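Q: Structure below; questions to follow.
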Amino acid sequence: MTTMRRPQMLDDEAFRCLRAGDTAGFGQSAGDRGEIDLSNTDLRGSDLRKFDLSRVVLRGAYLREANLRGQDLSNHDLAGCSLRNAKVAGVLFPDDLSPEEIQLSLEHGTRLRPRN
C-alpha cells in the first residue's frame, strides 16, 4: 500500500508568493528558473487565477479551496492532487483526467488518478 505524502510548506520565495497572491513577487522570484517544482505542496485556499503556472510542477499538490478559475492546466501532471471545494470554472484539465475523477476530487477531496 502506498502512503500519500503530507502537503509541504516550502522554504521557497516563489511558493510563498503563490500562497500570498503576490504575482509581481512570483514573477521576480521565478525569473530565469526553468521548472518551479511545487510537488506535494500545500496551496490550499490560494488564489492562483492571475499566475502563470506554465512552468510550475503541481504533481501531488493540495489545492483544497484554491481558486484555479481560467487556468490552462492541460499540460500539467496533476496525479495525486486534491481539489476539494476548489474553484475550477474555465479550467482546462489534462485529457488523461476523466470528468468523473475531477468531480470526485472536488466533492470528496480524493487524489486525482490519471487514466493510462
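Labels used: A, B, ... for chains in the order of the C-alpha cells, numbers from 1 for residues in each chain, and numbers from 1 for ligands as shown.
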Write out as a list in words each polymer residue whose atoms come within 7 Å of Arg69 in chain A, counting only C-alpha atoms; drop sequence neighbours fewer than 3 positions from it.
A: Arg49, Lys87, Val88, Ala89, Gly90 and Val91 of chain A
Q: For the alpha helix (DSSP H) assignment from backbone DSSP, which residues of range 22-96 of chain A qualify? Please present them as a ChimeraX atom specification.
A: /A:23-30
Q: Using only C-alpha atoms, determine which residues lie at most 10 Å from range 96-104 of chain A, disregarding the query and same-chain residues fewer than 6 positions distant; provide the list as a count of residues only.
A: 17
Q: List the spatial neighbours of range 6-21 of chain A as a ChimeraX atom specification - criterion: any atom at most 9 Å away, only C-alpha atoms, same-chain residues fewer than 2 positions off excluded.
A: /A:4,23-30,36,38-48,50-51,60-62
Q: Would you mind reading off the distance between CA of Gln71 in chain A and CA of His108 in chain A, one decimal, in Å?
A: 21.6 Å
Q: From a DSSP calculation on the backbone, collect every residue of chain A in strand (DSSP E or B) and output the set as an MDAnalysis selection string.
A: chainID A and resid 8 36:37 41:42 47 56:57 62 67 72 82 87 92 111
Q: CA of Asp22 in chain A to CA of Gly109 in chain A: how many Å, to one decimal?
A: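 We find that CA of Asp22 in chain A and CA of Gly109 in chain A lie 26.3 Å from each other.
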